[in-house]
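Raw contents of final-v8.cif, mmCIF, C-alpha atoms and all ligand atoms:
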```
data_work
loop_
_atom_site.label_atom_id
_atom_site.label_comp_id
_atom_site.auth_asym_id
_atom_site.auth_seq_id
_atom_site.Cartn_x
_atom_site.Cartn_y
_atom_site.Cartn_z
CA MET A 1 25.24 18.76 -5.36
CA GLU A 2 25.19 18.91 -9.14
CA ILE A 3 23.05 16.48 -11.06
CA ASP A 4 24.67 14.98 -14.18
CA SER A 5 23.51 16.80 -17.28
CA GLU A 6 22.28 13.71 -19.14
CA ILE A 7 20.13 12.83 -16.12
CA ARG A 8 18.74 16.37 -16.02
CA ILE A 9 17.83 16.10 -19.69
CA GLN A 10 15.98 12.83 -19.09
CA ASP A 11 14.07 14.35 -16.18
CA GLU A 12 13.08 17.28 -18.41
CA LYS A 13 11.46 14.80 -20.79
CA ASP A 14 9.50 13.05 -18.04
CA PRO A 15 5.77 13.50 -18.87
CA LEU A 16 4.94 13.29 -15.12
CA LYS A 17 7.57 15.80 -13.96
CA SER A 18 5.04 18.50 -13.01
CA PHE A 19 3.53 16.29 -10.27
CA ARG A 20 6.59 16.91 -8.11
CA ASN A 21 5.48 20.54 -7.75
CA ALA A 22 2.19 19.39 -6.27
CA PHE A 23 4.01 18.11 -3.17
CA LEU A 24 5.76 19.66 -0.19
CA ILE A 25 9.24 18.18 -0.06
CA PRO A 26 11.12 18.32 3.25
CA LYS A 27 14.39 20.31 3.20
CA ASP A 28 17.82 19.31 4.43
CA GLU A 29 20.02 21.51 6.65
CA LYS A 30 21.27 23.45 3.63
CA GLY A 31 17.72 24.20 2.55
CA ASN A 32 17.74 21.79 -0.41
CA ASP A 33 15.01 19.27 -1.09
CA VAL A 34 15.86 16.01 0.63
CA VAL A 35 16.12 12.90 -1.51
CA TYR A 36 12.91 11.40 -0.20
CA LEU A 37 12.85 7.63 -0.63
CA THR A 38 10.35 6.68 2.05
CA GLY A 39 7.07 7.03 0.19
CA ASN A 40 6.65 3.34 1.07
CA SER A 41 6.30 4.38 4.71
CA LEU A 42 4.73 7.85 4.60
CA GLY A 43 4.02 9.54 1.29
CA LEU A 44 4.67 13.28 0.97
CA GLN A 45 2.03 15.91 1.58
CA PRO A 46 0.14 17.17 -1.47
CA LYS A 47 0.11 20.99 -1.35
CA GLU A 48 -3.66 20.93 -1.77
CA ALA A 49 -4.17 18.83 1.37
CA LYS A 50 -4.19 21.96 3.50
CA THR A 51 -6.81 23.67 1.30
CA TYR A 52 -9.10 20.64 1.45
CA LEU A 53 -8.71 20.34 5.19
CA LEU A 54 -9.32 24.06 5.72
CA GLU A 55 -12.47 23.85 3.60
CA GLU A 56 -13.89 21.23 5.92
CA LEU A 57 -12.96 23.30 8.97
CA GLU A 58 -14.62 26.35 7.39
CA ASP A 59 -17.76 24.40 6.50
CA TRP A 60 -17.92 23.02 10.00
CA ALA A 61 -17.58 26.58 11.38
CA LYS A 62 -20.16 27.96 8.97
CA TYR A 63 -22.79 25.23 9.04
CA GLY A 64 -22.30 23.20 12.22
CA VAL A 65 -24.44 20.08 11.93
CA GLU A 66 -25.97 21.36 8.70
CA GLY A 67 -22.63 20.64 7.06
CA HIS A 68 -23.78 17.02 6.79
CA VAL A 69 -25.88 18.19 3.87
CA HIS A 70 -24.69 21.74 3.07
CA ALA A 71 -20.91 21.41 3.13
CA ARG A 72 -19.20 21.75 -0.27
CA ARG A 73 -18.72 18.01 -0.06
CA PRO A 74 -21.66 16.94 2.08
CA TRP A 75 -20.44 14.84 5.02
CA VAL A 76 -23.25 12.27 4.84
CA GLU A 77 -21.92 11.20 1.47
CA TYR A 78 -18.27 11.87 2.16
CA HIS A 79 -17.10 8.26 1.88
CA SER A 80 -18.61 8.02 -1.58
CA PHE A 81 -16.33 10.75 -2.97
CA PHE A 82 -13.43 8.30 -3.01
CA SER A 83 -14.88 5.26 -4.72
CA GLU A 84 -14.40 6.31 -8.32
CA SER A 85 -10.71 7.14 -7.88
CA LEU A 86 -10.05 4.10 -5.70
CA ALA A 87 -11.79 1.83 -8.20
CA ARG A 88 -9.39 3.01 -10.91
CA ILE A 89 -6.34 2.52 -8.72
CA MET A 90 -7.44 -0.95 -7.57
CA GLY A 91 -8.87 -2.21 -10.86
CA ALA A 92 -12.27 -2.61 -9.27
CA LYS A 93 -15.86 -1.54 -9.79
CA GLN A 94 -16.89 1.52 -7.82
CA GLU A 95 -19.34 -0.58 -5.81
CA GLU A 96 -16.50 -2.88 -4.73
CA VAL A 97 -14.40 -0.32 -2.84
CA VAL A 98 -14.91 1.97 0.11
CA ALA A 99 -12.61 4.21 2.14
CA MET A 100 -13.00 3.51 5.86
CA ASN A 101 -11.20 2.76 9.15
CA GLY A 102 -7.54 1.82 9.54
CA LEU A 103 -5.81 -0.99 7.68
CA THR A 104 -5.52 -3.48 10.53
CA THR A 105 -9.18 -2.85 11.41
CA ASN A 106 -10.12 -3.58 7.81
CA LEU A 107 -8.03 -6.75 7.77
CA HIS A 108 -10.04 -7.91 10.77
CA LEU A 109 -13.37 -6.95 9.19
CA SER A 110 -12.36 -8.81 6.03
CA MET A 111 -11.47 -11.88 8.03
CA VAL A 112 -14.74 -11.76 9.92
CA SER A 113 -16.36 -12.27 6.54
CA PHE A 114 -13.85 -14.46 4.73
CA PHE A 115 -12.15 -16.54 7.38
CA ARG A 116 -14.88 -19.08 8.07
CA PRO A 117 -13.15 -22.16 9.44
CA LYS A 118 -15.34 -25.23 9.23
CA GLY A 119 -14.54 -28.94 9.69
CA LYS A 120 -10.99 -29.53 8.49
CA ARG A 121 -10.88 -26.26 6.52
CA THR A 122 -9.15 -24.21 9.22
CA LYS A 123 -5.87 -22.93 7.78
CA LEU A 124 -4.78 -19.38 7.18
CA LEU A 125 -1.92 -18.75 4.73
CA CYS A 126 0.50 -15.83 4.88
CA GLU A 127 4.14 -14.94 4.11
CA GLY A 128 6.60 -15.79 6.90
CA LYS A 129 8.08 -12.30 6.86
CA ALA A 130 4.74 -10.51 6.87
CA PHE A 131 4.23 -7.11 8.48
CA PRO A 132 3.85 -7.79 12.21
CA SER A 133 0.38 -6.24 12.46
CA ASP A 134 -0.88 -8.74 9.88
CA LEU A 135 0.53 -11.67 11.85
CA TYR A 136 -1.02 -10.32 15.06
CA ALA A 137 -4.34 -9.96 13.28
CA LEU A 138 -4.19 -13.46 11.79
CA ARG A 139 -3.21 -15.14 15.05
CA SER A 140 -5.88 -13.29 16.99
CA GLN A 141 -8.48 -14.33 14.41
CA LEU A 142 -7.46 -17.94 14.97
CA ARG A 143 -7.80 -17.49 18.73
CA PHE A 144 -11.17 -15.84 18.20
CA HIS A 145 -12.33 -19.02 16.47
CA GLY A 146 -10.85 -21.24 19.19
CA LEU A 147 -8.04 -22.43 16.90
CA ASP A 148 -4.35 -22.64 17.76
CA ASP A 149 -1.30 -21.25 15.95
CA SER A 150 -0.72 -24.51 14.08
CA ASN A 151 -3.46 -23.32 11.74
CA LEU A 152 -1.31 -20.41 10.58
CA VAL A 153 0.76 -21.59 7.62
CA LEU A 154 3.71 -19.33 6.82
CA LEU A 155 5.55 -19.29 3.51
CA HIS A 156 9.34 -19.06 3.65
CA PRO A 157 11.88 -18.65 0.85
CA ARG A 158 14.14 -21.57 0.00
CA GLU A 159 17.45 -21.85 1.84
CA GLY A 160 19.78 -19.11 0.62
CA GLU A 161 17.02 -17.22 -1.23
CA HIS A 162 15.22 -14.03 -0.23
CA SER A 163 11.99 -14.09 -2.15
CA LEU A 164 9.28 -16.66 -2.53
CA ARG A 165 8.98 -18.61 -5.76
CA THR A 166 5.50 -18.62 -7.23
CA GLU A 167 5.81 -22.36 -7.93
CA ASP A 168 6.46 -22.96 -4.21
CA ILE A 169 3.47 -20.86 -3.19
CA LEU A 170 1.26 -22.76 -5.63
CA ALA A 171 2.62 -26.10 -4.39
CA LYS A 172 1.84 -25.13 -0.79
CA ILE A 173 -1.71 -24.12 -1.70
CA HIS A 174 -2.17 -27.41 -3.52
CA GLU A 175 -0.75 -29.32 -0.54
CA LEU A 176 -3.11 -27.53 1.86
CA GLY A 177 -6.03 -28.32 -0.44
CA ASP A 178 -9.32 -28.47 1.41
CA THR A 179 -7.70 -27.52 4.73
CA LEU A 180 -7.06 -23.97 3.45
CA ALA A 181 -9.74 -21.50 4.51
CA LEU A 182 -8.21 -18.13 3.62
CA SER A 183 -5.00 -16.75 2.21
CA MET A 184 -3.96 -13.25 3.30
CA LEU A 185 -0.63 -12.34 1.75
CA GLY A 186 0.85 -8.89 1.38
CA ALA A 187 0.66 -8.25 -2.38
CA VAL A 188 3.99 -6.43 -2.17
CA ASN A 189 6.00 -7.68 0.78
CA PHE A 190 6.96 -4.75 3.00
CA TYR A 191 10.44 -6.10 3.70
CA THR A 192 11.73 -7.49 0.41
CA GLY A 193 9.52 -5.47 -1.94
CA GLN A 194 8.52 -8.66 -3.78
CA PHE A 195 5.31 -8.28 -5.79
CA PHE A 196 3.46 -11.57 -5.83
CA GLU A 197 1.72 -12.97 -8.89
CA ILE A 198 -1.70 -12.14 -7.55
CA GLN A 199 -3.70 -13.57 -10.42
CA LYS A 200 -1.99 -16.97 -10.54
CA ILE A 201 -1.96 -17.33 -6.77
CA THR A 202 -5.58 -16.23 -6.43
CA GLN A 203 -6.61 -18.76 -9.07
CA ALA A 204 -4.85 -21.56 -7.19
CA ILE A 205 -6.51 -20.51 -3.92
CA LYS A 206 -9.95 -20.50 -5.53
CA ALA A 207 -9.23 -23.90 -7.11
CA VAL A 208 -8.91 -25.48 -3.65
CA GLY A 209 -12.14 -23.81 -2.52
CA ALA A 210 -10.59 -21.18 -0.25
CA PHE A 211 -10.99 -17.41 -0.17
CA ALA A 212 -8.29 -15.10 -1.48
CA GLY A 213 -7.59 -11.94 0.51
CA TRP A 214 -4.71 -9.54 -0.15
CA ASP A 215 -3.10 -6.87 1.98
CA LEU A 216 -2.33 -4.07 -0.47
CA ALA A 217 -0.49 -1.75 1.96
CA HIS A 218 2.61 -1.67 -0.28
CA ALA A 219 0.80 -2.25 -3.56
CA ALA A 220 -1.91 0.43 -3.55
CA GLY A 221 -0.72 3.38 -5.63
CA ASN A 222 2.51 1.53 -6.41
CA LEU A 223 1.46 -0.82 -9.21
CA PRO A 224 -1.52 -1.27 -11.52
CA LEU A 225 -3.95 -3.79 -10.02
CA GLN A 226 -6.95 -5.69 -11.42
CA LEU A 227 -8.68 -6.91 -8.28
CA HIS A 228 -12.04 -7.49 -9.94
CA ASN A 229 -10.75 -9.40 -12.96
CA TRP A 230 -8.29 -11.36 -10.85
CA ASP A 231 -11.26 -12.62 -8.84
CA VAL A 232 -9.84 -11.48 -5.51
CA ASP A 233 -12.42 -11.93 -2.72
CA CYS A 234 -11.31 -9.16 -0.40
CA ALA A 235 -8.45 -6.72 0.04
CA ALA A 236 -7.46 -3.79 2.21
CA TRP A 237 -4.83 -1.05 2.01
CA CYS A 238 -3.66 2.06 3.77
CA SER A 239 -3.64 5.51 2.20
CA TYR A 240 -0.60 7.02 3.90
CA LYS A 241 2.10 5.11 1.99
CA TYR A 242 2.00 5.40 -1.81
CA LEU A 243 -1.39 7.09 -1.64
CA ASN A 244 0.10 10.17 0.09
CA SER A 245 -2.87 10.91 2.35
CA GLY A 246 -1.15 11.72 5.63
CA PRO A 247 -0.15 9.94 8.84
CA GLY A 248 -2.71 7.39 9.99
CA SER A 249 -5.10 8.44 7.25
CA VAL A 250 -8.08 6.36 6.25
CA SER A 251 -7.72 2.83 4.88
CA GLY A 252 -9.84 1.22 2.20
CA ILE A 253 -11.42 -2.11 1.53
CA PHE A 254 -12.30 -4.13 -1.57
CA ILE A 255 -15.07 -6.71 -1.51
CA HIS A 256 -15.72 -8.52 -4.80
CA GLU A 257 -19.23 -7.86 -6.07
CA LYS A 258 -20.15 -11.52 -5.93
CA HIS A 259 -20.20 -11.21 -2.14
CA HIS A 260 -22.53 -8.22 -2.16
CA GLY A 261 -26.17 -8.41 -1.14
CA LEU A 262 -25.83 -11.74 0.67
CA LYS A 263 -28.08 -11.92 3.72
CA ASP A 264 -26.17 -14.65 5.55
CA ILE A 265 -22.57 -13.47 5.13
CA PRO A 266 -20.79 -13.20 8.48
CA ARG A 267 -20.02 -9.52 9.01
CA PHE A 268 -19.70 -7.00 11.82
CA GLU A 269 -22.28 -4.33 11.08
CA GLY A 270 -22.96 -0.70 11.89
CA TRP A 271 -25.33 2.03 10.79
CA TRP A 272 -23.13 3.32 7.96
CA GLY A 273 -23.41 -0.09 6.31
CA HIS A 274 -27.18 0.13 6.44
CA ASP A 275 -29.11 0.98 3.30
CA SER A 276 -28.64 4.74 2.80
CA GLU A 277 -32.28 5.25 1.76
CA SER A 278 -33.60 4.31 5.18
CA ARG A 279 -30.52 4.95 7.35
CA PHE A 280 -31.96 8.09 8.92
CA LYS A 281 -35.32 6.51 9.60
CA MET A 282 -33.22 4.65 12.17
CA PRO A 283 -34.86 1.23 11.83
CA ASP A 284 -33.99 -1.46 14.41
CA HIS A 285 -32.92 -4.05 11.88
CA PHE A 286 -29.97 -3.92 9.51
CA GLN A 287 -30.61 -3.74 5.82
CA PRO A 288 -27.22 -3.85 4.06
CA MET A 289 -26.13 -1.49 1.33
CA PRO A 290 -25.96 -3.54 -1.89
CA THR A 291 -22.24 -2.68 -2.25
CA ALA A 292 -18.96 -2.86 -0.32
CA GLU A 293 -20.39 0.03 1.69
CA ALA A 294 -22.28 -2.62 3.67
CA TRP A 295 -18.97 -3.22 5.48
CA GLN A 296 -18.84 0.35 6.78
CA LEU A 297 -19.49 0.81 10.47
CA SER A 298 -19.32 4.51 11.23
CA ASN A 299 -19.81 7.84 9.55
CA ALA A 300 -16.75 9.13 7.74
CA PRO A 301 -13.89 10.86 9.64
CA VAL A 302 -14.08 13.85 7.31
CA LEU A 303 -11.07 15.78 8.60
CA SER A 304 -8.56 13.01 7.97
CA MET A 305 -10.28 12.02 4.74
CA ALA A 306 -9.93 15.55 3.32
CA ALA A 307 -6.21 14.96 2.72
CA HIS A 308 -7.04 11.65 1.04
CA ARG A 309 -9.29 13.51 -1.39
CA ALA A 310 -6.52 16.00 -2.19
CA SER A 311 -4.15 13.15 -2.94
CA LEU A 312 -6.58 11.15 -5.06
CA ASP A 313 -7.18 14.25 -7.18
CA LEU A 314 -3.58 13.89 -8.31
CA PHE A 315 -4.03 10.20 -9.10
CA ASP A 316 -7.09 11.20 -11.14
CA LYS A 317 -4.86 13.35 -13.34
CA THR A 318 -2.73 10.40 -14.41
CA SER A 319 -3.07 6.61 -14.43
CA MET A 320 -1.42 3.73 -12.66
CA GLN A 321 -0.05 2.64 -16.07
CA GLU A 322 1.71 5.97 -16.59
CA LEU A 323 3.01 5.97 -13.05
CA ARG A 324 4.23 2.40 -13.43
CA SER A 325 6.02 3.18 -16.63
CA LYS A 326 8.00 5.95 -14.91
CA SER A 327 8.44 3.76 -11.83
CA LEU A 328 10.12 1.03 -13.88
CA LYS A 329 12.69 3.56 -15.10
CA LEU A 330 13.38 4.95 -11.64
CA THR A 331 13.81 1.56 -9.99
CA ALA A 332 15.94 0.24 -12.85
CA TYR A 333 18.22 3.27 -12.46
CA LEU A 334 18.44 2.75 -8.70
CA GLU A 335 19.36 -0.89 -9.28
CA GLU A 336 21.97 0.10 -11.84
CA ILE A 337 23.51 2.57 -9.38
CA LEU A 338 23.63 -0.03 -6.62
CA ASN A 339 25.14 -2.68 -8.87
CA GLU A 340 27.76 -0.28 -10.18
CA ILE A 341 28.80 0.92 -6.73
CA GLY A 342 28.60 -2.60 -5.33
CA LYS A 343 31.11 -3.82 -7.90
CA LYS A 344 33.45 -0.85 -7.70
CA TYR A 345 33.71 -0.76 -3.90
CA GLN A 346 33.21 -4.46 -3.20
CA THR A 347 30.39 -3.57 -0.82
CA ASP A 348 28.90 -6.23 1.42
CA TRP A 349 25.33 -5.60 0.34
CA THR A 350 22.76 -7.84 -1.29
CA ILE A 351 19.62 -6.56 -2.99
CA LEU A 352 16.82 -8.61 -1.39
CA THR A 353 14.22 -7.48 -3.93
CA PRO A 354 13.72 -9.68 -7.00
CA SER A 355 15.64 -8.44 -10.05
CA GLU A 356 12.70 -9.13 -12.42
CA PRO A 357 10.80 -5.83 -12.77
CA GLU A 358 7.42 -7.63 -12.89
CA GLN A 359 8.14 -9.14 -9.49
CA ARG A 360 8.59 -5.85 -7.68
CA GLY A 361 7.14 -2.37 -7.33
CA CYS A 362 9.29 0.70 -6.83
CA GLN A 363 11.07 -0.36 -3.63
CA LEU A 364 14.49 -1.95 -3.41
CA SER A 365 15.67 -3.45 -0.12
CA LEU A 366 19.37 -3.69 0.61
CA LEU A 367 20.71 -6.16 3.11
CA LEU A 368 23.97 -4.82 4.61
CA PRO A 369 25.19 -6.95 7.49
CA LYS A 370 28.36 -4.89 8.14
CA LYS A 371 28.34 -1.27 7.08
CA GLY A 372 24.56 -0.91 6.89
CA ARG A 373 23.96 1.28 9.89
CA ALA A 374 26.97 3.49 9.10
CA LEU A 375 25.79 3.99 5.51
CA PHE A 376 22.25 4.67 6.66
CA ASP A 377 23.43 7.32 9.15
CA TYR A 378 25.60 8.89 6.47
CA LEU A 379 22.62 9.09 4.10
CA GLN A 380 20.44 10.65 6.80
CA SER A 381 23.01 13.30 7.60
CA ASN A 382 23.50 14.10 3.92
CA GLY A 383 19.93 14.82 2.98
CA VAL A 384 18.68 11.37 2.02
CA THR A 385 15.56 10.06 3.74
CA ALA A 386 15.62 6.26 3.54
CA ASP A 387 14.27 3.66 5.90
CA TRP A 388 16.13 1.37 8.29
CA ARG A 389 14.78 -2.04 9.30
CA GLU A 390 16.57 -3.71 12.18
CA PRO A 391 19.02 -5.31 12.16
CA ASP A 392 20.54 -4.77 8.71
CA VAL A 393 18.21 -3.60 5.95
CA ILE A 394 17.86 -0.26 4.15
CA ARG A 395 14.69 0.17 2.12
CA MET A 396 14.52 2.79 -0.63
CA ALA A 397 11.47 3.53 -2.73
CA PRO A 398 11.68 6.04 -5.58
CA VAL A 399 8.06 7.09 -6.05
CA PRO A 400 7.04 8.08 -9.60
CA MET A 401 4.64 10.83 -8.44
CA TYR A 402 7.38 12.99 -6.97
CA ASN A 403 10.81 11.41 -7.29
CA SER A 404 13.13 11.97 -10.23
CA LEU A 405 16.20 10.40 -11.76
CA GLY A 406 17.98 13.48 -10.40
CA ASP A 407 17.12 12.41 -6.85
CA LEU A 408 18.76 9.04 -7.51
CA ASN A 409 21.73 10.69 -9.16
CA ARG A 410 22.27 12.68 -5.95
CA LEU A 411 21.88 9.49 -3.93
CA LYS A 412 24.55 7.84 -6.08
CA LYS A 413 27.06 10.60 -5.35
CA ILE A 414 26.39 10.45 -1.63
CA ILE A 415 26.83 6.67 -1.49
CA ILE A 416 30.09 6.99 -3.44
CA GLU A 417 31.28 9.66 -1.01
CA PHE A 418 30.56 7.25 1.83
CA TYR A 419 32.57 4.42 0.32
CA GLU A 420 35.42 6.80 -0.59
CA THR A 421 35.71 7.80 3.05
CA HIS A 422 34.70 4.68 5.03
C1 LIG B 501 1.91 -0.29 6.87
C2 LIG B 501 1.33 -1.63 7.07
C3 LIG B 501 0.40 -1.88 8.09
C4 LIG B 501 0.02 -0.80 9.08
O1 LIG B 501 -1.22 -1.04 9.66
P1 LIG B 501 -2.13 0.14 10.18
O2 LIG B 501 -3.32 -0.58 10.66
O3 LIG B 501 -2.38 1.07 9.04
O4 LIG B 501 -1.39 0.85 11.27
C5 LIG B 501 -0.16 -3.15 8.18
N1 LIG B 501 0.20 -4.13 7.31
C6 LIG B 501 1.11 -3.92 6.33
C7 LIG B 501 1.46 -5.03 5.39
C8 LIG B 501 1.70 -2.67 6.19
O5 LIG B 501 2.62 -2.48 5.23
#
```

Could you express the structure from this file as C-alpha cells?
Ligand SMILES: *Cc1c(COP(=O)(O)O)cnc(C)c1O
Amino acid sequence: MEIDSEIRIQDEKDPLKSFRNAFLIPKDEKGNDVVYLTGNSLGLQPKEAKTYLLEELEDWAKYGVEGHVHARRPWVEYHSFFSESLARIMGAKQEEVVAMNGLTTNLHLSMVSFFRPKGKRTKLLCEGKAFPSDLYALRSQLRFHGLDDSNLVLLHPREGEHSLRTEDILAKIHELGDTLALSMLGAVNFYTGQFFEIQKITQAIKAVGAFAGWDLAHAAGNLPLQLHNWDVDCAAWCSYKYLNSGPGSVSGIFIHEKHHGLKDIPRFEGWWGHDSESRFKMPDHFQPMPTAEAWQLSNAPVLSMAAHRASLDLFDKTSMQELRSKSLKLTAYLEEILNEIGKKYQTDWTILTPSEPEQRGCQLSLLLPKKGRALFDYLQSNGVTADWREPDVIRMAPVPMYNSLGDLNRLKKIIIEFYETH
C-alpha cells in the first residue's frame, strides 16, 4: 500500500527515523512490515537484544561461576548497569531506581513499605478502571492488614464522561483527608490512556499526610517523568511495554531518597538488599544498602535483563523529550485520521482518551459498541497489529521509537477500506 508522498516527506525529516532500523518488525502475509500499534502491550525487539543475550550465554559457558566477576558485564553488579538510564527515563536520581522482579511483585513490595494503615488512616486510593492485577494487589494488601474492601476507594469518571477530572481527584483526596494512607494510581491508565497530573495529585496526597505511589506501567518510556522533583514516594513499572525489553522482562522500582537509610521502615528484605560491601561475608543481620537497592531481594536474572540493557542503550541515544516531541505528532495525526473518518462514515466510535495532548501519552482508545470487533478483525487480517479489550475497545499506540506517520497513513487507508465495504 502506497504511503502519501507528503507523509513520506515528513517521515524523511524525522530526526528519530533511524531508530526504526534498530528493531525487528513483524511481517504480514505479504512480507511487509506490519503496522505495529501495540507497543503499549509488548514493545518490539531491539535487534541488539540477541547479541546481548548471546554474550551472557557465552560468558556463562566460558566462565561458569567466575562470570559473577569476569563476565563482560559482571553478574554481581548486573542490576547496577540499569540505574543511570532508568534514572534519566524516570526523572530520578540513580540511587532512587533499581531494576528487579516483576511489576506486580514490586507493587506489593512498595506497599509493604508505604501502605502502613494505622488508627483511622486505612484507605487506599486507586482508579476504578485500574489494571486488574493492581486491584488484586491492593485488595490482597488490605486483607493482609486485616482490613476489608471498604478501605479501597475507587475513582470513577462523572456520568457520561470517560476520563477522570483532576479537580474531582483532588476533591476526593481532600475528602479522605487523614483517612487516606496510600494512593496507587496508574500514571497513564491502561484502558483510556489518560495521563494523570502526577505533580498536582501527589502534592494533594502529601498535603493530607498520605504516601503517593504510582504505577508507571503505561508511562515508563512513554512520557517524560520527574519522579524525584514531583516528590513521589514510590513507583514501579514494567520494561516490556514502552521499554521494549521482551515478554515478562524485569520490572523496576523507584523509592524517593528521603526514604533511604531508614532503619525502621517496614520492608521485606533479602541478601541483595544488604550492603554490598559486606554481602559476601554473609552476616546474619541485615544492613541495608543506602539506596533503593535496599529493596532488592535476589541476585539479578541476568538472561532476561540482557534484553533490557539492549533496549536502554537505545533510550540512552535520545531523550524522553525528543521522543515525546515526536510522539505528540504521531498521536495528533492518529486523532486527525480518526476524526476525519468518523465524520465521513458516521462511525459509531468514541475516542475515550482525553483530547488534550498533555493529558495523554501516545495511546488512543476507541470505544466501538457496534462494529468494533469487525473492524478489529479487518485490521488484523490486513497487517495492522492493534489491541482488543473486551467488550468493545480498540487500543492503538503509535510509539515514537519505531512507528512513523507512514504507518498511520497505511492504517488510515485500511480503515477507509473497511468502511467502504462494511
Ligand atoms: C501491564 C500491567 C501490569 C502487568 O503486571 P505484571 O506483574 O508485569 O504481569 C500491571 N499493572 C498495570 C497497570 C499494567 O499496565

| said: Between CA of Lys50 in chain A and CA of Asp33 in chain A, what is the distance in Å, rounded to a tenth? | reply: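 So the two atoms, CA of Lys50 in chain A and CA of Asp33 in chain A, lie 19.9 Å apart.
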
| task | For range 120-125 of chain A, please output as a VMD selection string all residues within 6 Å (counting all atoms listed in the file; exclusion window: fewer than 2 positions along the same chain). | result | chain A and resid 117 to 118 151 to 153 178 to 183

| From the set A:Leu411, A:Ile169, A:Leu142, A:Leu107, which residue has the shortest atom-to-atom contact distance to Ile198 in chain A, counting only C-alpha atoms? |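 Smallest distance to Ile198 in chain A is found for A:Ile169.
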
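CA of Pro288 in chain A is found 28.5 Å from CA of Ser245 in chain A.
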
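Counting from CA of Cys234 in chain A, the distance to CA of His256 in chain A is 6.3 Å.
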
Set out as a Markdown table a contact list for chain A and ligand LIG 501 (chain B) with a cut-off of 8 Å, giving each residue of chain A that qualifies its closest atom pair and distance in Å to one decimal, counting only C-alpha atoms and all ligand atoms, ordered by chain and rising residue number.
```
| residue | atom | partner | partner_atom | distance |
| --- | --- | --- | --- | --- |
| A:Ser41 | CA | B:LIG501 | C1 | 6.8 |
| A:Gly102 | CA | B:LIG501 | O2 | 5.0 |
| A:Leu103 | CA | B:LIG501 | O2 | 3.9 |
| A:Thr104 | CA | B:LIG501 | O2 | 3.6 |
| A:Thr105 | CA | B:LIG501 | O2 | 6.3 |
| A:Asn106 | CA | B:LIG501 | O2 | 8.0 |
| A:Ala130 | CA | B:LIG501 | C7 | 6.6 |
| A:Phe131 | CA | B:LIG501 | C7 | 4.6 |
| A:Pro132 | CA | B:LIG501 | N1 | 7.1 |
| A:Ser133 | CA | B:LIG501 | C5 | 5.3 |
| A:Asp134 | CA | B:LIG501 | N1 | 5.4 |
| A:Gly186 | CA | B:LIG501 | C7 | 5.6 |
| A:Asn189 | CA | B:LIG501 | C7 | 7.0 |
| A:Phe190 | CA | B:LIG501 | O5 | 5.4 |
| A:Asp215 | CA | B:LIG501 | C7 | 6.0 |
| A:Leu216 | CA | B:LIG501 | C7 | 7.0 |
| A:Ala217 | CA | B:LIG501 | O5 | 4.6 |
| A:His218 | CA | B:LIG501 | O5 | 5.6 |
| A:Trp237 | CA | B:LIG501 | O3 | 7.7 |
| A:Cys238 | CA | B:LIG501 | O3 | 5.5 |
| A:Lys241 | CA | B:LIG501 | C1 | 7.3 |
| A:Gly248 | CA | B:LIG501 | O3 | 6.4 |
| A:Ser251 | CA | B:LIG501 | O3 | 7.0 |
```

| field | Within 9 Å of range 259-270 of chain A using only C-alpha atoms, minus same-chain residues under 6 positions, as a list in words | value |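 Once the nearby chain positions are removed, what remains is Glu96, Leu109, Ser110, Met111, Val112, Ser113, Phe114, Arg116, Asp233, Phe286, Gln287, Pro288, Met289, Pro290, Thr291, Ala292, Ala294, Trp295, Gln296, Leu297 and Ser298 of chain A.
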
| request: Return the single residue from A:Thr350, A:Leu375, A:Ile173, A:Lys326 that is closest to Asp14 in chain A, with distances computed using all atoms listed in the file. | output: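 Looking at the shortest contact to Asp14 in chain A, the residue is A:Lys326.
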
| request: Would you mind listing what lies within 8 Å of Leu57 in chain A as a ChimeraX atom specification, with only C-alpha atoms counted and same-chain residues fewer than 4 positions away left out? | output: /A:53,61,303

| task | Using only C-alpha atoms, determine which residues lie at most 12 Å from Thr347 in chain A, disregarding the query and same-chain residues fewer than 2 positions distant; provide the list as an NGL selection string. | result | :A and (338-345 or 349-351 or 366-372 or 375 or 415-416 or 418-420 or 422)

| said: I'd like the contact shell of Pro357 in chain A - 12 Å cut-off, all atoms listed in the file, skipping same-chain residues fewer than 5 positions apart - returned as a list in words. | reply: Gly193, Gln194, Phe195, Phe196, Leu223, Arg324, Ser325, Ser327, Leu328, Lys329, Leu330, Thr331, Ala332, Tyr333, Glu335, Cys362, Gln363 and Leu364 of chain A

Prev. selection, C-alpha atoms, output as a PDB file, in the frame of the given file:
```pdb
ATOM      1  CA  GLY A 193       9.520  -5.470  -1.940  1.00  0.00           C
ATOM      2  CA  GLN A 194       8.520  -8.660  -3.780  1.00  0.00           C
ATOM      3  CA  PHE A 195       5.310  -8.280  -5.790  1.00  0.00           C
ATOM      4  CA  PHE A 196       3.460 -11.570  -5.830  1.00  0.00           C
ATOM      5  CA  LEU A 223       1.460  -0.820  -9.210  1.00  0.00           C
ATOM      6  CA  ARG A 324       4.230   2.400 -13.430  1.00  0.00           C
ATOM      7  CA  SER A 325       6.020   3.180 -16.630  1.00  0.00           C
ATOM      8  CA  SER A 327       8.440   3.760 -11.830  1.00  0.00           C
ATOM      9  CA  LEU A 328      10.120   1.030 -13.880  1.00  0.00           C
ATOM     10  CA  LYS A 329      12.690   3.560 -15.100  1.00  0.00           C
ATOM     11  CA  LEU A 330      13.380   4.950 -11.640  1.00  0.00           C
ATOM     12  CA  THR A 331      13.810   1.560  -9.990  1.00  0.00           C
ATOM     13  CA  ALA A 332      15.940   0.240 -12.850  1.00  0.00           C
ATOM     14  CA  TYR A 333      18.220   3.270 -12.460  1.00  0.00           C
ATOM     15  CA  GLU A 335      19.360  -0.890  -9.280  1.00  0.00           C
ATOM     16  CA  CYS A 362       9.290   0.700  -6.830  1.00  0.00           C
ATOM     17  CA  GLN A 363      11.070  -0.360  -3.630  1.00  0.00           C
ATOM     18  CA  LEU A 364      14.490  -1.950  -3.410  1.00  0.00           C
TER      19      LEU A 364
END
```

| message | I need the residue nearest Lys412 in chain A from this list: A:Asp377, A:Glu2, A:Glu127, A:Asp149. Use only C-alpha atoms for the distance. | response |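 Counting only C-alpha atoms, the residue closest to Lys412 in chain A is A:Glu2.
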
| Which residue, A:Cys126, A:Val399, A:Ala187, A:Ala137, has the smallest gap to Lys172 in chain A when you use only C-alpha atoms? | A:Cys126
